[in-house]
Every structure is written in C-alpha cells, then in structure tokens.
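Each remark here refers to the structure printed beneath this line.
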Amino acid sequence: MTPQLTDKYMVTIAERLTSAYARIANAAKNVQRNSNEITLLAVSKTKPSEDIIAAYQHGQRQFGESYVQEAVDKIAQLHTYSDIIWHFIGPIQSNKSALVAENFDWVQSVDRIKIAKRLDSQRPDDKSPLNVLIQVNISNEEAKSGCHPDEISQLADFINQCKHLTLRGLMAIPAKSDDPLAQTQSFEQLQTCFDKLKTQYLYIDTLSMGMSNDVEAAISAGSTMVRIGTDIFGTRT
C-alpha cells in the first residue's frame, strides 16, 4: 500500500524542491546558461520511500541511491511509479554488481574495467542498455573512488564496446571545500576531461558534478547534472 502523506509533510519536501530548482535557475542565469540544460538528481539515500513519493508528487522523477540493498528495497516498494529513473551513485562492490545491473537505469560510479565488464554481462537482455558515467577521482584523494584522469580514455573505449552499456559522460565528487575558487578549479579540470572525451564520442551528454554545497561553482564550470540530497530531504540519518 502507498503510505498516506500529510499536507504538512508534502509541503516541506515541495518547498525544498522548489528552492533547489530556483537555485539551479539562478546559478545558470548568472553564467548565461539555460537551466533546462541542467538535470536535478534528488539524492534519496538513507531516506524512506515516503520522502521519494513526496518529491515524486511534486514532479521529481530522477533519484540517486548509494547503498545497493537499501535502494533495491525501495525500487521494489515503488515499482508502481514506473517513470522514476533510478541512478546508482555509490561505490560498486563486485558481489553487488548484479543487483545494480538488474535494477538501475543509470550507474554514475564506474571506475574500472572489471566493474564495467560485470555490469555488461549481468544486464538483463530484456532491458535497455545501462546508462554509464565514468567516475573520476579529480582531486586524487586516496580514500575516494574514481579512476585517474589518465585512465578515462581506456575505460571509455571498453565501455563503448559493451553491448549492454551506453557511455553517457563523467561524474566526480571533488574534495570538500568552502573556497569557491578551489571548487571551481576542480570542476574545470573535470570539464576539460569531458571536452576531451567528447571529441572521441560525440554522443556523450552528461557531466555530473555539484552537490548541495557547491551547485553554483559546478554550474559555472559546465555541469549538466547536479546531485542534491540534504537541501531537499534534510540531514541524512
């Protein structure tokens, strides 16, 4: 059964979504970009299905999850909402790759050939190819997932040859910083990688960068998808 949502609960999510879209529009306007070029991915990890339904009822359709089993459970609970587009944005463990391949529409965190190969072989034949972003460790942080920028070309070439995968672009989670200049520099490095990749694959169209604390810098640097969680759903538990 679909949980019943109170008006007060609905308004809270709706207001936050409205604010998030307004923020994106303002950031785009400030750099002479069209906000329609920028997709808002609502990051719903750790949040209950009721929150997703509230966002859905306000028009949101694209949601991002980082924890495989939690996400699969929510996808099953919300199977009647057939137009939701599910993105996996967390690190992919080999023993969980089949669940990712079988349940998601997008995977934004492919950072090595081994995982791409598993996703390709495990994607069901009756589903459309899995949309894939290569995750780049643009800040070279040892504890963070993502391939080195020098490895992008080889990984992209492999993905491009996979029957059940479609390469769509790049994703990164730069080192946290409150310095707008540092934020912009990291994003511009990824934009350079993206531009280079586009010369090889003209059809790629997605540069996923920017979160709640750095949306403006990301959009200024050319982001086409921002991943916002806290500013929509509140502090994660």
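Numbering starts fresh at 1 for the residues of each chain in the structure tokens, the chains themselves are lettered A, B, ... in the order given, and ligands are numbered from 1 as they appear.
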
Would you pick out the contacts of segment 110-126 of chain A at 9 Å or less, using only C-alpha atoms, so that residues sharing its chain but fewer than 5 positions from it are not included, and give the list as a JSON list (two decimals) with C-alpha atoms, in the first residue's frame?
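Output (selection07.json):
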[["chain", "number", "residue", "atom", "x", "y", "z"],
["A", 91, "PRO", "CA", 30.93, 2.64, -4.93],
["A", 92, "ILE", "CA", 30.22, -0.69, -6.63],
["A", 93, "GLN", "CA", 31.35, -3.89, -4.96],
["A", 94, "SER", "CA", 31.81, -6.89, -7.24],
["A", 97, "SER", "CA", 27.15, -5.56, -9.28],
["A", 98, "ALA", "CA", 24.38, -7.90, -10.44],
["A", 99, "LEU", "CA", 21.80, -6.09, -8.30],
["A", 100, "VAL", "CA", 22.96, -2.79, -9.75],
["A", 101, "ALA", "CA", 22.83, -4.10, -13.32],
["A", 102, "GLU", "CA", 19.35, -5.56, -12.85],
["A", 103, "ASN", "CA", 17.63, -2.67, -11.07],
["A", 132, "VAL", "CA", 27.03, 4.74, -17.57],
["A", 133, "LEU", "CA", 29.12, 7.61, -16.26],
["A", 134, "ILE", "CA", 32.80, 7.17, -15.56],
["A", 135, "GLN", "CA", 33.66, 8.35, -12.06],
["A", 136, "VAL", "CA", 36.86, 10.38, -11.99],
["A", 137, "ASN", "CA", 38.90, 11.00, -8.85],
["A", 145, "SER", "CA", 36.62, 6.02, -5.59],
["A", 146, "GLY", "CA", 37.19, 7.04, -9.18],
["A", 147, "CYS", "CA", 39.74, 6.49, -11.88],
["A", 148, "HIS", "CA", 42.70, 8.79, -12.57],
["A", 151, "GLU", "CA", 42.66, 6.27, -17.28],
["A", 152, "ILE", "CA", 39.46, 7.75, -18.72],
["A", 154, "GLN", "CA", 40.94, 3.33, -21.88],
["A", 155, "LEU", "CA", 37.87, 2.79, -19.72],
["A", 158, "PHE", "CA", 35.98, -0.56, -23.18],
["A", 159, "ILE", "CA", 32.51, 0.71, -22.20],
["A", 162, "CYS", "CA", 29.89, -3.23, -24.39],
["A", 163, "LYS", "CA", 26.54, -4.38, -25.78],
["A", 164, "HIS", "CA", 24.56, -3.65, -22.61],
["A", 165, "LEU", "CA", 26.19, -0.37, -21.59]]

Excluding segment 30-37 of chain A and residues on its chain fewer than 4 positions from it, collect all residues at most 7 Å away from it, counting only C-alpha atoms, and give them as a ChimeraX atom specification. /A:24-26,220,224

Output file for the selection above: N, CA, C and O atoms, as a PDB file, in the first residue's frame:
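Final output, result_27.pdb:
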ATOM      1  N   ILE A  24      19.210  26.374  -8.968  1.00  0.00           N
ATOM      2  CA  ILE A  24      19.808  25.962 -10.233  1.00  0.00           C
ATOM      3  C   ILE A  24      19.554  27.020 -11.307  1.00  0.00           C
ATOM      4  O   ILE A  24      20.457  27.403 -12.064  1.00  0.00           O
ATOM      5  N   ALA A  25      18.320  27.523 -11.366  1.00  0.00           N
ATOM      6  CA  ALA A  25      17.968  28.534 -12.364  1.00  0.00           C
ATOM      7  C   ALA A  25      18.786  29.803 -12.179  1.00  0.00           C
ATOM      8  O   ALA A  25      19.275  30.397 -13.159  1.00  0.00           O
ATOM      9  N   ASN A  26      18.967  30.236 -10.932  1.00  0.00           N
ATOM     10  CA  ASN A  26      19.735  31.446 -10.665  1.00  0.00           C
ATOM     11  C   ASN A  26      21.205  31.257 -11.023  1.00  0.00           C
ATOM     12  O   ASN A  26      21.835  32.153 -11.603  1.00  0.00           O
ATOM     13  N   SER A 220      28.686  26.823 -13.068  1.00  0.00           N
ATOM     14  CA  SER A 220      29.574  27.770 -13.739  1.00  0.00           C
ATOM     15  C   SER A 220      30.606  27.058 -14.610  1.00  0.00           C
ATOM     16  O   SER A 220      30.986  27.552 -15.677  1.00  0.00           O
ATOM     17  N   THR A 224      26.034  19.421 -16.202  1.00  0.00           N
ATOM     18  CA  THR A 224      24.703  19.196 -16.784  1.00  0.00           C
ATOM     19  C   THR A 224      23.808  18.411 -15.832  1.00  0.00           C
ATOM     20  O   THR A 224      22.644  18.174 -16.144  1.00  0.00           O
TER      21      THR A 224
END

Near segment 40-56 of chain A, 8 Å: segment 67-142 of chain A residue rows, closest pairs, only C-alpha atoms, as CSV:
residue,atom,partner,partner_atom,distance
A:Tyr67,CA,A:Lys45,CA,7.0
A:Glu70,CA,A:Thr46,CA,7.7
A:Ala71,CA,A:Lys45,CA,7.5
A:Lys74,CA,A:Ser49,CA,6.1
A:Gln77,CA,A:Ser49,CA,7.5
A:Leu78,CA,A:Ser49,CA,7.4

Restricting it to N, CA and C atoms, dump the selection as a short mmCIF file (atom, residue, chain, number, x, y, z; two decimals), in the first residue's frame.
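Dumped everything to out_37.cif:
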data_model
loop_
_atom_site.label_atom_id
_atom_site.label_comp_id
_atom_site.auth_asym_id
_atom_site.auth_seq_id
_atom_site.Cartn_x
_atom_site.Cartn_y
_atom_site.Cartn_z
N TYR A 67 23.45 2.98 -1.63
CA TYR A 67 23.57 1.72 -0.91
C TYR A 67 22.68 0.69 -1.60
N GLU A 70 19.54 -1.24 0.23
CA GLU A 70 18.52 -0.24 0.58
C GLU A 70 17.80 0.25 -0.66
N ALA A 71 18.57 0.52 -1.71
CA ALA A 71 17.99 1.03 -2.96
C ALA A 71 17.09 0.00 -3.62
N LYS A 74 13.78 -0.16 -1.97
CA LYS A 74 12.93 0.98 -2.30
C LYS A 74 12.40 0.89 -3.73
N GLN A 77 9.53 -1.42 -3.57
CA GLN A 77 8.38 -0.81 -2.91
C GLN A 77 7.67 0.18 -3.83
N LEU A 78 8.44 0.83 -4.71
CA LEU A 78 7.90 1.89 -5.55
C LEU A 78 7.75 1.46 -7.01
#

Quick one: pull the distance between atom CA of Trp106 of chain A and atom CA of Gln185 of chain A, Å, one decimal. 26.8 Å

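We find atom CA of Lys144 of chain A and atom CA of Met171 of chain A to be spaced 12.8 Å apart.
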
Can you pull out every residue within 6 Å of Val107 of chain A, counting only C-alpha atoms, but drop anything in the same chain fewer than 2 positions away, and send it as an mmCIF file with C-alpha atoms, in the first residue's frame?
data_model
loop_
_atom_site.group_PDB
_atom_site.id
_atom_site.type_symbol
_atom_site.label_atom_id
_atom_site.label_comp_id
_atom_site.auth_asym_id
_atom_site.auth_seq_id
_atom_site.Cartn_x
_atom_site.Cartn_y
_atom_site.Cartn_z
ATOM 1 C CA HIS A 87 20.665 6.319 -10.602
ATOM 2 C CA PHE A 88 23.268 4.389 -8.630
ATOM 3 C CA SER A 109 30.253 5.323 -10.439
ATOM 4 C CA VAL A 132 27.027 4.740 -17.574
#

Which is closer to Met209 of chain A than all the others in A:Gln161, A:Gln60, A:Gln108, A:Asn95, using only C-alpha atoms? A:Gln108

As a PyMOL selection string, please: all residues of segment 101-132 of chain A that backbone DSSP puts in alpha helix (DSSP H). chain A and resi 101-103+113-122

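If only C-alpha atoms are the atoms counted, then among A:Ala156, A:Ile38, A:Arg227, A:Ile204 the closest residue to Glu65 of chain A is A:Arg227.
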
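Distance annotation: of A:Ala175, A:Leu190, A:Ile232, A:Met225, the residue with the minimal separation from Thr206 of chain A is A:Met225; atom set is only C-alpha atoms.
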
Which residues of segment 83-202 of chain A have any atom within 10 Å of an atom in segment 211-215 of chain A when counting only C-alpha atoms, and what is the closest pair of atoms for each, with the distance in Å to one decimal? Order the rows by chain and rising number and write it as CSV.
residue,atom,partner,partner_atom,distance
A:Ile173,CA,A:Met211,CA,8.5
A:Pro174,CA,A:Met211,CA,10.0
A:Lys176,CA,A:Asn213,CA,8.6
A:Ser177,CA,A:Asp214,CA,8.6
A:Asp178,CA,A:Asn213,CA,7.9
A:Asp179,CA,A:Asp214,CA,9.5
A:Pro180,CA,A:Asp214,CA,7.8
A:Gln183,CA,A:Asp214,CA,7.0
A:Thr184,CA,A:Asp214,CA,8.8
A:Phe187,CA,A:Asp214,CA,9.9

From the set A:Ser153, A:Ser186, A:Thr199, A:Thr12, which residue has the shortest atom-to-atom contact distance to Ala172 of chain A, counting only C-alpha atoms? A:Ser186
